[in-house]
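Chemist: Next comes target.cif, mmCIF, C-alpha atoms:
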data_entry
#
loop_
_atom_site.label_atom_id
_atom_site.label_comp_id
_atom_site.auth_asym_id
_atom_site.auth_seq_id
_atom_site.Cartn_x
_atom_site.Cartn_y
_atom_site.Cartn_z
CA MET A 91 -33.68 84.45 63.46
CA ALA A 92 -30.26 83.95 61.92
CA ILE A 93 -27.16 83.94 64.06
CA GLY A 94 -23.78 85.55 63.51
CA ARG A 95 -20.59 83.76 62.64
CA THR A 96 -18.52 82.34 65.45
CA ASP A 97 -14.75 81.90 65.27
CA SER A 98 -15.31 78.18 64.77
CA MET A 99 -17.72 78.91 61.91
CA GLN A 100 -15.23 81.23 60.23
CA GLU A 101 -12.53 78.57 60.62
CA LEU A 102 -14.85 76.03 59.01
CA ILE A 103 -15.60 78.37 56.10
CA THR A 104 -11.88 78.95 55.55
CA ILE A 105 -11.29 75.20 55.41
CA LEU A 106 -14.18 74.63 53.03
CA GLU A 107 -13.11 77.42 50.69
CA SER A 108 -9.92 75.47 50.11
CA LEU A 109 -11.87 72.29 49.30
CA PHE A 110 -14.79 73.38 47.11
CA GLU A 111 -15.25 75.70 44.14
CA GLU A 112 -18.75 76.78 45.18
CA THR A 113 -17.81 78.98 48.12
CA ILE A 114 -19.76 82.21 47.78
CA ILE A 115 -20.09 83.46 51.34
CA GLY A 116 -22.51 86.29 51.95
CA SER A 117 -25.76 84.86 53.22
CA ASP A 118 -26.88 82.28 55.73
CA VAL A 119 -28.01 79.82 53.05
CA ASN A 120 -24.43 79.58 51.78
CA ILE A 121 -23.10 79.01 55.28
CA VAL A 122 -25.65 76.22 55.70
CA LYS A 123 -24.62 74.74 52.33
CA HIS A 124 -21.03 74.68 53.54
CA LEU A 125 -22.11 72.68 56.57
CA PHE A 126 -23.68 70.08 54.28
CA TYR A 127 -20.56 70.13 52.07
CA TYR A 128 -18.52 69.39 55.17
CA LEU A 129 -20.78 66.47 56.10
CA LYS A 130 -20.47 65.07 52.57
CA ALA A 131 -16.68 65.54 52.36
CA ASP A 132 -16.21 63.86 55.74
CA ASN A 133 -18.63 61.02 54.86
CA ARG A 134 -20.43 61.96 58.06
CA GLU A 135 -23.60 60.26 59.22
CA PHE A 136 -25.99 62.36 61.28
CA GLU A 137 -29.44 62.32 62.90
CA PHE A 138 -32.65 62.81 60.90
CA ILE A 139 -35.66 63.12 63.21
CA TYR A 140 -38.95 62.35 61.43
CA GLU A 141 -42.27 61.86 63.23
CA ASP A 142 -40.41 61.41 66.56
CA GLU A 143 -38.26 58.63 65.04
CA THR A 144 -34.49 59.20 64.95
CA LEU A 145 -32.92 57.85 61.76
CA VAL A 146 -29.37 57.84 60.38
CA ALA A 147 -28.76 60.01 57.30
CA ALA A 148 -25.84 60.87 55.02
CA VAL A 149 -25.46 63.54 52.33
CA GLU A 150 -25.69 62.11 48.81
CA GLU A 151 -25.85 65.24 46.62
CA ILE A 152 -25.98 69.02 47.05
CA GLU A 153 -27.80 71.20 44.51
CA SER A 154 -28.50 74.94 44.37
CA HIS A 155 -31.57 74.81 46.58
CA THR A 156 -31.85 71.17 47.65
CA VAL A 157 -29.88 68.45 49.44
CA THR A 158 -30.37 64.75 48.68
CA LEU A 159 -29.92 62.49 51.70
CA MET A 160 -29.48 58.71 51.93
CA ILE A 161 -31.87 57.43 54.63
CA PRO A 162 -32.35 53.65 54.24
CA ASP A 163 -35.00 53.18 56.95
CA LEU A 164 -37.29 56.15 56.25
CA VAL A 165 -40.98 55.25 55.90
CA GLU A 166 -43.16 58.11 54.66
CA GLN A 167 -45.94 58.96 57.10
CA GLY A 168 -47.58 61.98 55.48
CA SER A 169 -45.62 64.72 57.24
CA ARG A 170 -43.32 66.85 55.09
CA ARG A 171 -41.22 68.32 57.88
CA ALA A 172 -38.29 66.87 59.80
CA ARG A 173 -35.26 67.93 61.82
CA VAL A 174 -31.59 67.28 61.15
CA ARG A 175 -29.02 67.34 63.93
CA PHE A 176 -25.23 67.09 63.70
CA GLU A 177 -21.98 68.37 65.13
CA VAL A 178 -19.28 70.27 63.23
CA MET A 179 -16.11 71.53 64.87
CA ASN A 180 -17.38 71.32 68.45
CA ILE A 181 -20.72 72.99 67.64
CA ASN A 182 -24.04 71.13 67.71
CA TYR A 183 -26.43 72.29 64.96
CA GLN A 184 -30.13 71.61 64.50
CA PHE A 185 -32.38 72.56 61.57
CA GLU A 186 -36.02 72.08 60.73
CA VAL A 187 -36.22 71.08 57.06
CA VAL A 188 -38.92 70.69 54.43
CA ILE A 189 -39.07 67.30 52.69
CA LEU A 190 -39.59 67.72 48.94
CA ASP A 191 -39.45 64.09 47.79
CA ILE A 192 -39.00 60.57 49.16
CA GLN A 193 -37.82 57.88 46.73
CA LYS A 194 -36.79 54.55 48.26
CA GLU A 195 -33.53 55.27 50.14
CA LYS A 196 -33.14 58.85 48.84
CA THR A 197 -34.86 61.81 50.46
CA VAL A 198 -34.69 65.32 48.97
CA ILE A 199 -34.92 68.27 51.38
CA LYS A 200 -34.99 72.00 50.77
CA THR A 201 -31.75 73.62 51.86
CA PRO A 202 -32.42 75.62 55.07
CA THR A 203 -32.10 79.37 54.45
CA GLU A 204 -30.68 80.32 57.81
CA LEU A 205 -28.85 78.93 60.83
CA GLN A 206 -31.63 78.03 63.24
CA SER A 207 -30.10 76.49 66.35
CA TYR A 208 -26.60 75.84 67.58
CA GLN A 209 -24.89 75.13 70.86
CA LEU A 210 -21.21 75.20 71.76
CA ARG A 211 -19.94 72.23 73.74
CA THR A 212 -19.67 73.04 77.43
CA ASN A 213 -16.71 70.78 78.04
CA LYS A 214 -13.60 70.65 75.95
CA ARG A 215 -12.63 67.39 74.27
CA ILE A 216 -9.16 66.21 75.18
CA PRO A 217 -7.26 64.12 72.58
CA VAL A 218 -5.63 61.03 74.10
CA ASP A 219 -3.29 58.42 72.63
CA ASP A 220 -2.80 56.10 75.61
CA LEU A 221 -6.38 55.44 76.76
CA PHE A 222 -8.28 52.22 75.92
CA MET A 223 -11.55 50.74 77.02
CA ASN A 224 -13.66 47.60 77.12
CA PHE A 225 -17.36 47.75 76.37
CA ILE A 226 -20.50 45.64 76.14
CA ILE A 227 -23.87 46.33 74.52
CA LEU A 228 -26.86 46.88 76.79
CA PHE A 229 -30.34 45.58 76.04
CA ARG A 230 -32.79 48.13 74.68
CA SER A 231 -34.72 45.95 72.25
CA LEU A 232 -33.94 42.87 70.17
CA THR A 233 -34.20 44.87 66.95
CA GLY A 234 -32.16 47.77 68.31
CA GLY A 235 -32.99 51.46 68.03
CA SER A 236 -35.72 52.90 70.20
CA ARG A 237 -37.20 50.66 72.85
CA GLU A 238 -40.22 48.75 71.57
CA VAL A 239 -42.09 48.38 74.85
CA GLY A 240 -44.82 46.01 73.67
CA LYS A 241 -42.47 43.62 71.89
CA ASN A 242 -39.96 43.66 74.73
CA LEU A 243 -42.55 42.93 77.41
CA TYR A 244 -43.90 40.12 75.23
CA ALA A 245 -40.44 38.57 74.81
CA GLU A 246 -39.67 38.94 78.52
CA SER A 247 -42.95 37.30 79.53
CA ARG A 248 -42.51 34.45 77.03
CA PHE A 249 -38.83 33.76 77.85
CA PRO A 250 -38.40 35.20 81.39
CA HIS A 251 -35.35 33.19 82.51
CA LEU A 252 -33.58 33.54 79.18
CA MET A 253 -34.18 37.30 79.04
CA LYS A 254 -32.89 37.65 82.62
CA GLU A 255 -29.60 36.06 81.52
CA VAL A 256 -29.50 38.15 78.32
CA ARG A 257 -29.57 41.36 80.37
CA LYS A 258 -26.51 40.42 82.43
CA ASP A 259 -23.16 42.05 81.67
CA ARG A 260 -21.61 38.63 81.20
CA PRO A 261 -24.20 36.10 79.99
CA ASP A 262 -23.27 32.48 80.71
CA SER A 263 -23.01 30.75 77.30
CA LYS A 264 -23.39 27.27 78.82
CA LEU A 265 -26.53 28.28 80.70
CA ILE A 266 -27.86 29.97 77.56
CA ASN A 267 -27.40 26.69 75.68
CA VAL A 268 -29.35 24.76 78.34
CA MET A 269 -32.18 27.32 78.26
CA LEU A 270 -32.23 27.21 74.45
CA THR A 271 -32.62 23.43 74.28
CA GLU A 272 -35.28 23.43 77.01
CA ALA A 273 -37.28 26.06 75.13
CA ILE A 274 -37.05 24.16 71.84
CA GLU A 275 -38.10 20.89 73.47
CA ARG A 276 -41.35 22.52 74.58
CA ILE A 277 -42.27 22.44 70.87
CA SER A 278 -40.62 19.20 69.71
CA LYS A 279 -38.02 16.66 70.76
CA ASP A 280 -36.77 16.59 67.16
CA TYR A 281 -34.50 19.52 66.34
CA GLU A 282 -31.06 20.56 65.05
CA ILE A 283 -28.89 23.52 66.05
CA HIS A 284 -26.51 23.77 63.12
CA PHE A 285 -23.60 26.16 62.49
CA PHE A 286 -22.29 26.36 58.93
CA GLN A 287 -18.82 25.01 58.16
CA PRO A 288 -16.71 26.08 55.12
CA GLU A 289 -16.53 22.65 53.45
CA GLU A 290 -19.37 20.68 55.02
CA LYS A 291 -20.83 17.84 52.96
CA LEU A 292 -24.51 18.34 52.15
CA ASN A 293 -26.96 16.65 49.83
CA GLU A 294 -28.69 18.58 47.04
CA TYR A 295 -31.63 19.71 49.14
CA GLU A 296 -29.61 20.56 52.26
CA ASP A 297 -27.32 22.69 50.10
CA PHE A 298 -30.35 24.44 48.58
CA VAL A 299 -31.78 25.24 52.02
CA LYS A 300 -28.39 26.54 53.24
CA LYS A 301 -28.02 28.84 50.22
CA THR A 302 -31.60 30.07 50.63
CA ILE A 303 -31.12 30.97 54.29
CA LEU A 304 -27.74 32.61 53.68
CA ARG A 305 -29.15 34.65 50.79
CA THR A 306 -32.45 35.73 52.34
CA GLY A 307 -31.93 35.50 56.11
CA LYS A 308 -35.60 34.46 56.38
CA SER A 309 -37.33 31.80 58.43
CA LEU A 310 -38.74 28.86 56.45
CA TYR A 311 -41.94 27.20 57.63
CA ILE A 312 -43.47 24.13 55.93
CA PRO A 313 -46.74 23.25 57.74
CA ASP A 314 -47.47 20.11 55.72
CA CYS A 315 -44.75 18.09 54.00
CA ASN A 316 -47.39 16.01 52.21
CA ARG A 317 -48.64 18.97 50.16
CA ILE A 318 -46.56 20.66 47.44
CA THR A 319 -48.58 23.86 48.01
CA SER A 320 -46.95 24.18 51.45
CA TYR A 321 -43.62 24.58 49.64
CA ILE A 322 -44.47 26.90 46.75
CA ASN A 323 -47.71 28.82 47.42
CA ASP A 324 -47.43 32.41 48.67
CA PRO A 325 -47.57 32.18 52.52
CA GLN A 326 -48.60 35.87 52.86
CA ASP A 327 -46.78 36.15 56.18
CA GLU A 328 -44.37 38.86 57.38
CA ILE A 329 -42.29 36.52 59.54
CA LEU A 330 -42.56 32.98 58.18
CA PHE A 331 -41.77 32.14 54.55
CA ASN A 332 -41.51 29.05 52.36
CA TYR A 333 -39.92 28.47 48.93
CA HIS A 334 -42.44 30.60 47.01
CA ASN A 335 -39.89 33.16 45.80
CA GLU A 336 -37.31 30.47 45.01
CA HIS A 337 -39.93 28.61 42.98
CA LYS A 338 -40.72 31.80 41.04
CA GLU A 339 -37.04 32.47 40.30
CA MET A 340 -36.44 28.87 39.25
CA THR A 341 -39.52 28.97 36.98
CA LYS A 342 -38.26 32.17 35.38
CA GLU A 343 -34.79 30.73 34.76
CA PHE A 344 -35.45 27.05 33.95
CA GLY A 345 -39.18 26.80 33.25
CA ALA A 346 -42.26 25.81 35.24
CA GLU A 347 -41.87 22.07 34.73
CA PHE A 348 -38.27 21.99 36.01
CA ALA A 349 -39.16 24.13 39.07
CA LEU A 350 -42.18 22.00 40.00
CA ASP A 351 -40.18 18.77 39.59
CA PHE A 352 -37.42 20.10 41.87
CA PHE A 353 -39.74 20.99 44.74
CA GLU A 354 -41.78 17.84 44.31
CA SER A 355 -38.53 15.83 44.57
CA MET A 356 -37.61 17.82 47.67
CA ARG A 357 -41.02 17.15 49.21
CA LYS A 358 -40.73 13.39 48.52
CA HIS A 359 -37.20 13.32 49.95
CA GLU A 360 -38.38 14.92 53.18
CA SER A 361 -41.46 12.68 53.33
CA ARG A 362 -39.18 9.63 53.10
CA ASP A 363 -37.45 10.98 56.19
CA PHE A 364 -40.92 10.99 57.83
CA TYR A 365 -41.13 14.78 58.10
CA VAL A 366 -44.64 16.09 58.75
CA SER A 367 -43.80 19.79 59.25
CA TYR A 368 -40.79 21.93 60.10
CA VAL A 369 -39.48 25.43 60.72
CA ILE A 370 -35.91 26.57 59.98
CA THR A 371 -34.90 29.95 61.36
CA PRO A 372 -31.46 31.58 61.02
CA ILE A 373 -28.96 32.24 63.78
CA ARG A 374 -26.99 35.45 63.26
CA LEU A 375 -23.70 36.77 64.56
CA TYR A 376 -23.86 40.54 64.15
CA GLU A 377 -25.98 40.68 60.96
CA ASP A 378 -24.36 37.61 59.32
CA VAL A 379 -26.26 34.31 59.15
CA VAL A 380 -23.95 31.69 60.68
CA GLY A 381 -26.34 28.77 61.19
CA TYR A 382 -29.91 27.84 61.93
CA ILE A 383 -32.33 26.21 64.34
CA LYS A 384 -34.43 23.52 62.70
CA VAL A 385 -37.40 22.13 64.58
CA TYR A 386 -39.53 19.42 62.98
CA SER A 387 -42.26 16.90 63.64
CA THR A 388 -42.32 13.37 62.28
CA ALA A 389 -44.92 10.76 61.47
CA MET A 390 -43.93 8.86 64.62
CA GLU A 391 -44.85 11.80 66.87
CA ARG A 392 -48.14 12.43 65.03
CA PHE A 393 -48.42 16.19 65.48
CA THR A 394 -47.93 19.27 63.28
CA ILE A 395 -45.92 22.34 64.22
CA SER A 396 -48.45 25.19 64.25
CA GLN A 397 -47.82 28.70 62.98
CA ASN A 398 -47.74 30.06 66.55
CA GLN A 399 -45.14 27.45 67.49
CA ALA A 400 -43.07 28.36 64.41
CA VAL A 401 -43.19 32.04 65.45
CA TYR A 402 -42.07 30.96 68.94
CA ILE A 403 -38.96 29.34 67.40
CA PHE A 404 -38.32 32.46 65.31
CA GLU A 405 -38.47 34.68 68.42
CA LEU A 406 -36.20 32.31 70.28
CA ALA A 407 -33.62 32.50 67.47
CA GLU A 408 -33.76 36.31 67.55
CA ILE A 409 -32.92 36.31 71.26
CA ILE A 410 -30.15 33.76 70.79
CA SER A 411 -28.65 35.77 67.91
CA TYR A 412 -28.64 38.88 70.10
CA VAL A 413 -26.99 37.19 73.08
CA PHE A 414 -24.40 35.38 70.91
CA THR A 415 -23.44 38.73 69.40
CA LYS A 416 -23.32 40.35 72.84
CA ILE A 417 -20.93 37.63 74.03
CA ALA A 418 -18.81 37.98 70.87
CA ILE A 419 -18.52 41.76 71.34
CA GLN A 420 -17.60 41.27 74.99
CA HIS A 421 -14.84 38.77 74.20
CA GLY A 422 -13.60 40.76 71.21
CA SER A 423 -13.43 43.96 73.24
CA TYR A 424 -11.61 42.34 76.13
CA GLU A 425 -9.22 40.14 74.20
CA THR A 426 -8.10 42.64 71.55
CA MET A 427 -8.60 45.76 73.59
CA GLN A 428 -5.72 47.83 72.25
CA SER A 429 -6.52 47.31 68.58
CA THR A 430 -10.31 47.60 68.72
CA THR A 431 -11.31 50.08 71.40
CA LYS A 432 -8.83 52.91 71.46
CA VAL A 433 -10.25 56.16 72.89
CA VAL A 434 -9.53 59.03 70.48
CA ASP A 435 -10.75 61.92 72.62
CA ILE A 436 -12.73 62.30 75.82
CA SER A 437 -14.58 64.99 77.81
CA LEU A 438 -16.96 65.22 80.76
CA ASP A 439 -19.88 64.85 78.30
CA GLY A 440 -18.74 61.97 76.11
CA LEU A 441 -15.95 60.35 74.14
CA LEU A 442 -14.93 59.23 70.68
CA PHE A 443 -13.54 55.72 70.24
CA GLU A 444 -12.05 53.79 67.34
CA ILE A 445 -12.76 50.30 65.97
CA TYR A 446 -11.74 48.39 62.84
CA ASP A 447 -14.53 45.80 62.49
CA LYS A 448 -17.11 46.84 59.87
CA ARG A 449 -19.65 44.26 61.12
CA LEU A 450 -19.43 45.69 64.63
CA PHE A 451 -19.70 49.26 63.28
CA GLN A 452 -22.93 48.44 61.43
CA TYR A 453 -24.37 46.48 64.37
CA LEU A 454 -23.76 49.33 66.81
CA LYS A 455 -25.86 51.64 64.66
CA ARG A 456 -28.92 49.79 65.94
CA HIS A 457 -27.68 48.46 69.29
CA ASN A 458 -26.16 51.75 70.35
CA ILE A 459 -26.51 51.69 74.15
CA ILE A 460 -23.23 50.52 75.66
CA LYS A 461 -21.53 50.08 79.01
CA MET A 462 -17.88 51.13 79.04
CA PHE A 463 -15.03 50.11 81.34
CA ILE A 464 -12.26 52.72 81.09
CA PRO A 465 -9.08 52.26 83.16
CA LEU A 466 -8.07 55.84 83.97
CA ASN A 467 -5.12 54.55 85.97
CA LYS A 468 -3.98 51.39 87.74
CA GLU A 469 -6.20 52.09 90.74
CA ARG A 470 -9.37 53.29 89.02
CA THR A 471 -11.53 51.83 86.23
CA MET A 472 -14.41 54.10 85.32
CA ILE A 473 -17.73 52.32 84.63
CA ILE A 474 -20.05 54.47 82.56
CA ARG A 475 -23.09 53.99 80.34
CA GLY A 476 -23.64 55.92 77.15
CA GLU A 477 -25.45 56.21 73.85
CA ILE A 478 -23.57 56.16 70.55
CA ILE A 479 -24.82 59.15 68.54
CA ARG A 480 -22.08 59.61 65.91
CA PHE A 481 -20.88 57.05 63.36
CA LEU A 482 -17.92 58.07 61.23
CA ASP A 483 -16.54 55.87 58.44
CA ARG A 484 -12.83 56.71 58.06
CA GLY A 485 -12.15 54.18 55.31
CA ASP A 486 -9.88 51.68 57.03
CA HIS A 487 -11.30 52.32 60.50
CA TYR A 488 -14.37 53.75 62.22
CA HIS A 489 -14.99 56.41 64.86
CA LEU A 490 -18.00 56.34 67.18
CA GLY A 491 -19.09 59.23 69.37
CA VAL A 492 -20.73 58.49 72.74
CA ASN A 493 -22.76 60.69 75.08
CA TYR A 494 -22.79 59.57 78.73
CA PHE A 495 -26.05 59.16 80.59
CA SER A 496 -25.06 57.38 83.84
CA SER A 497 -21.95 56.41 85.76
CA ALA A 498 -20.79 54.70 88.92
CA PRO A 499 -20.52 56.85 92.07
CA ASP A 500 -17.58 59.31 92.05
CA ASP A 501 -16.46 58.22 88.56
CA MET A 502 -17.10 61.67 87.05
CA LEU A 503 -14.93 63.21 89.76
CA HIS A 504 -12.09 60.86 88.83
CA LEU A 505 -12.63 61.65 85.14
CA GLU A 506 -12.56 65.36 85.90
CA SER A 507 -9.21 64.94 87.69
CA TYR A 508 -7.86 62.88 84.78
CA LEU A 509 -8.93 65.51 82.22
CA PHE A 510 -7.67 68.33 84.40
CA GLU A 511 -4.16 66.88 84.27
CA LYS A 512 -4.36 65.95 80.59
CA SER A 513 -5.56 69.37 79.48
CA MET A 514 -2.99 71.34 81.41
CA LYS A 515 -5.73 72.38 83.85
CA ILE A 516 -8.13 73.70 81.14
CA LEU A 517 -11.47 71.93 81.05
CA SER A 518 -13.87 74.38 79.37
CA GLU A 519 -13.77 76.54 76.26
#
How does this structure look as structure tokens?
Modeler:
Amino acid sequence: MAIGRTDSMQELITILESLFEETIIGSDVNIVKHLFYYLKADNREFEFIYEDETLVAAVEEIESHTVTLMIPDLVEQGSRRARVRFEVMNINYQFEVVILDIQKEKTVIKTPTELQSYQLRTNKRIPVDDLFMNFIILFRSLTGGSREVGKNLYAESRFPHLMKEVRKDRPDSKLINVMLTEAIERISKDYEIHFFQPEEKLNEYEDFVKKTILRTGKSLYIPDCNRITSYINDPQDEILFNYHNEHKEMTKEFGAEFALDFFESMRKHESRDFYVSYVITPIRLYEDVVGYIKVYSTAMERFTISQNQAVYIFELAEIISYVFTKIAIQHGSYETMQSTTKVVDISLDGLLFEIYDKRLFQYLKRHNIIKMFIPLNKERTMIIRGEIIRFLDRGDHYHLGVNYFSSAPDDMLHLESYLFEKSMKILSE
């Protein structure tokens, strides 16, 4: 059943009538269209719930009876129904929508014909201009998003001591380094942990490998350096790759003979260095590749790195990339607190904070469970955990909306007192 217009809804319609030509108000479908116009005008990202998976969506185009959404991670699973959920002017809306078409990153939905569900916020948001916070990311899964129980238990059983350190608020980088080298040496005593430098001197093949890893972000696994097929044949693996795609591109651009000669020269160069097999897997900071772990076997050791061992190194690099990023966020938040983590508004339910780092903004879309340290006054720092549910791109800065889900004892009472004073003793609407 449709609902009537609230004062907030009428205020929204008045604003939108000044922004858009198509503002015929008279039925619920037009009110709904205005909500989508608002999301598009504000560049707002919102929740798209499909088959129990919560994805991030943004409005691309609005037609007479359809809305085109950008949803990069949507994988069609047969169902043609989904839910969208967003907040506009202190009201939380939810619609069930019909999916008309899914094409790569674009999803077309039928415009809902009526307002289906809405809820006013219980607690009033209080704007603040003198409140800052520190925060760290909390472990949910290495890939972010919803917790992947099977994969997480597997990682924790395979790297128990490392994962225990990863989960700490302040991981010890020196201890992490010791654990990393010990884990690598279980596979081979021959390895490199390399971080890229702006003007480092590399030979032709080292430069090629660097450019390949930076461009693709994939792990390279060569099981047999004596066979050219190990370099250029399709590995048909979802995790471990070789130079198959690079060989295809080089063949297309320079011809088959040139491409084969290049990789044969590379193979001979590595054989002269006594390589038998190797795996090179990237290290990331946020989503940027900043270096790699290379583990190899030589003719002197007389063993070959197996596929399972190569996957082990890949998983290790994923954990290390996560913890390095966690440490970087922690130091960045603490050292540049006033410029990166300003609180914009706050309530008893959640808060909105402001950052300027695009890499961090994108990373938090997946790793969105955070622990916040908010100094309400000189005597009291509130420690509270929350989930980031809103991601707003403001052009030169970013706003992120957090809902609380747990706090230290008595912290909500101190927050209530803080808000009570800030809001001139008005806490609810």
Chemist: Could you check the closest approach to Arg357 of chain A for each of A:Gln399, A:Asp314, A:Phe331, A:Ile373 and tell me which residue wins, using only C-alpha atoms?
Modeler: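 Among the listed residues, A:Asp314 lies closest to Arg357 of chain A.
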Chemist: Could you list the residues chosen by the PyMOL selection byres ((chain A and resi 379-382) around 9) in this structure as a ChimeraX atom specification?
Modeler: /A:282-287,300,303-305,307,370-378,383-384,407
Chemist: Measure the distance from atom CA of Lys279 of chain A to atom CA of Cys315 of chain A in Å and round it to one decimal.
Modeler: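 We find that atom CA of Lys279 of chain A and atom CA of Cys315 of chain A lie 18.1 Å from each other.
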Chemist: Just the residues within 9 Å of Leu466 of chain A, please, counting all atoms listed in the file, with nothing from its chain fewer than 2 positions along; format it as a ChimeraX atom specification.
Modeler: /A:221-222,464,468-472,504-505,508
Chemist: Rank nothing, just name the residue among A:Ile322, A:Met502, A:Val385, A:Leu145 nearest to Ala346 of chain A, using all atoms listed in the file.
Modeler: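 The closest residue to Ala346 of chain A is A:Ile322.
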Chemist: For the point (-16.5, 53.8, 68.8) in the file's frame, write as a ChimeraX atom specification all residues with an atom no more than 9 Å away, counting all atoms listed in the file.
Modeler: /A:430-434,441-445,451,454,478,480-482,488-492
Chemist: Take the residues just selected and output them with C-alpha atoms as a short mmCIF file (atom, residue, chain, number, x, y, z; two decimals), in the frame of the given file.
Modeler:
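Result file is out34.cif:
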data_model
loop_
_atom_site.label_atom_id
_atom_site.label_comp_id
_atom_site.auth_asym_id
_atom_site.auth_seq_id
_atom_site.Cartn_x
_atom_site.Cartn_y
_atom_site.Cartn_z
CA THR A 430 -10.31 47.60 68.72
CA THR A 431 -11.31 50.08 71.40
CA LYS A 432 -8.83 52.91 71.46
CA VAL A 433 -10.25 56.16 72.89
CA VAL A 434 -9.53 59.03 70.48
CA LEU A 441 -15.95 60.35 74.14
CA LEU A 442 -14.93 59.23 70.68
CA PHE A 443 -13.54 55.72 70.24
CA GLU A 444 -12.05 53.79 67.34
CA ILE A 445 -12.76 50.30 65.97
CA PHE A 451 -19.70 49.26 63.28
CA LEU A 454 -23.76 49.33 66.81
CA ILE A 478 -23.57 56.16 70.55
CA ARG A 480 -22.08 59.61 65.91
CA PHE A 481 -20.88 57.05 63.36
CA LEU A 482 -17.92 58.07 61.23
CA TYR A 488 -14.37 53.75 62.22
CA HIS A 489 -14.99 56.41 64.86
CA LEU A 490 -18.00 56.34 67.18
CA GLY A 491 -19.09 59.23 69.37
CA VAL A 492 -20.73 58.49 72.74
#
Chemist: Would you place a box with edges along x, y and z of the file around all atoms of segment 265-280 of chain A listed there, add 3 Å to each of its six sides, and report the centre and edge lengths in Å to one decimal, as AutoDock Vina command-line options?
Modeler:
--center_x -34.4 --center_y 23.3 --center_z 73.9 --size_x 21.7 --size_y 19.4 --size_z 19.5
Chemist: Identify, on the basis of all atoms listed in the file, every residue whose closest approach to Asp259 of chain A does not exceed 10 Å; exclude the query and any residue fewer than 5 positions from it along the same chain; express the result as an MDAnalysis selection string.
Modeler: chainID A and resid 225:229 416:417 420 461
Chemist: Could you spell out the hits of the PyMOL selection byres ((chain A and resi 125-132) around 9) on the shown file, as a PDB file with C-alpha atoms, in the frame of the given file?
Modeler:
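As written to disk, out.pdb reads:
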ATOM      1  CA  LEU A 102     -14.850  76.030  59.010  1.00  0.00           C
ATOM      2  CA  ILE A 103     -15.600  78.370  56.100  1.00  0.00           C
ATOM      3  CA  LEU A 106     -14.180  74.630  53.030  1.00  0.00           C
ATOM      4  CA  LEU A 109     -11.870  72.290  49.300  1.00  0.00           C
ATOM      5  CA  PHE A 110     -14.790  73.380  47.110  1.00  0.00           C
ATOM      6  CA  ASN A 120     -24.430  79.580  51.780  1.00  0.00           C
ATOM      7  CA  ILE A 121     -23.100  79.010  55.280  1.00  0.00           C
ATOM      8  CA  VAL A 122     -25.650  76.220  55.700  1.00  0.00           C
ATOM      9  CA  LYS A 123     -24.620  74.740  52.330  1.00  0.00           C
ATOM     10  CA  HIS A 124     -21.030  74.680  53.540  1.00  0.00           C
ATOM     11  CA  ASN A 133     -18.630  61.020  54.860  1.00  0.00           C
ATOM     12  CA  ARG A 134     -20.430  61.960  58.060  1.00  0.00           C
ATOM     13  CA  GLU A 135     -23.600  60.260  59.220  1.00  0.00           C
ATOM     14  CA  PHE A 136     -25.990  62.360  61.280  1.00  0.00           C
ATOM     15  CA  ALA A 148     -25.840  60.870  55.020  1.00  0.00           C
ATOM     16  CA  VAL A 149     -25.460  63.540  52.330  1.00  0.00           C
ATOM     17  CA  GLU A 150     -25.690  62.110  48.810  1.00  0.00           C
ATOM     18  CA  GLU A 151     -25.850  65.240  46.620  1.00  0.00           C
ATOM     19  CA  ILE A 152     -25.980  69.020  47.050  1.00  0.00           C
ATOM     20  CA  VAL A 157     -29.880  68.450  49.440  1.00  0.00           C
ATOM     21  CA  PHE A 176     -25.230  67.090  63.700  1.00  0.00           C
ATOM     22  CA  VAL A 178     -19.280  70.270  63.230  1.00  0.00           C
ATOM     23  CA  LEU A 482     -17.920  58.070  61.230  1.00  0.00           C
ATOM     24  CA  ASP A 483     -16.540  55.870  58.440  1.00  0.00           C
ATOM     25  CA  ARG A 484     -12.830  56.710  58.060  1.00  0.00           C
TER      26      ARG A 484
END
Chemist: Give the answer as one residue: which of A:Phe138, A:Asn467, A:Lys448, A:Leu310 has the shortest atom-to-atom distance to Gly485 of chain A, using all atoms listed in the file?
Modeler: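 Among the listed residues, A:Lys448 lies closest to Gly485 of chain A.
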Chemist: Excluding His337 of chain A and its own-chain neighbours fewer than 4 positions away, which residues fall within 8 Å of it when counting all atoms listed in the file? Please give them as a PyMOL selection string.
Modeler: chain A and resi 322+333+341+349-350+353
Chemist: Within 10 Å of (-46.6, 22.6, 51.2), all atoms listed in the file: residues as number ranges by chain?
Modeler: A: 311-323, 325, 332-334, 353-354, 357, 367
Chemist: At what distance in Å, to one decimal, does atom CA of Val146 of chain A lie from atom CA of Arg449 of chain A?
Modeler: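 That distance, rounded to one decimal, is 16.7 Å.
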Chemist: Have a look at atom CA of Phe348 of chain A and atom CA of Leu330 of chain A and let me know their distance in Å, one decimal.
Modeler: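 One can read the atom CA of Phe348 of chain A to atom CA of Leu330 of chain A distance as 25.1 Å.
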Chemist: When the PyMOL selection byres ((chain A and resi 393) around 12) is applied to the file above, which residues end up in the set, as a ChimeraX atom specification?
Modeler: /A:277-280,313-314,364-368,386-392,394-396,399
Chemist: For Thr203 of chain A, which residue among A:Glu506, A:Asp219, A:Glu186, A:Glu255 is the nearest when counting all atoms listed in the file?
Modeler: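 Going through A:Glu506, A:Asp219, A:Glu186, A:Glu255 one by one, the smallest distance to Thr203 of chain A is for A:Glu186.
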Chemist: Identify which of the residues A:Glu336, A:Asp435, A:Glu511, A:Glu328 lies closest to Val401 of chain A, counting all atoms listed in the file when measuring atom-to-atom distances.
Modeler: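 Comparing A:Glu336, A:Asp435, A:Glu511, A:Glu328 against Val401 of chain A, the winner is A:Glu328.
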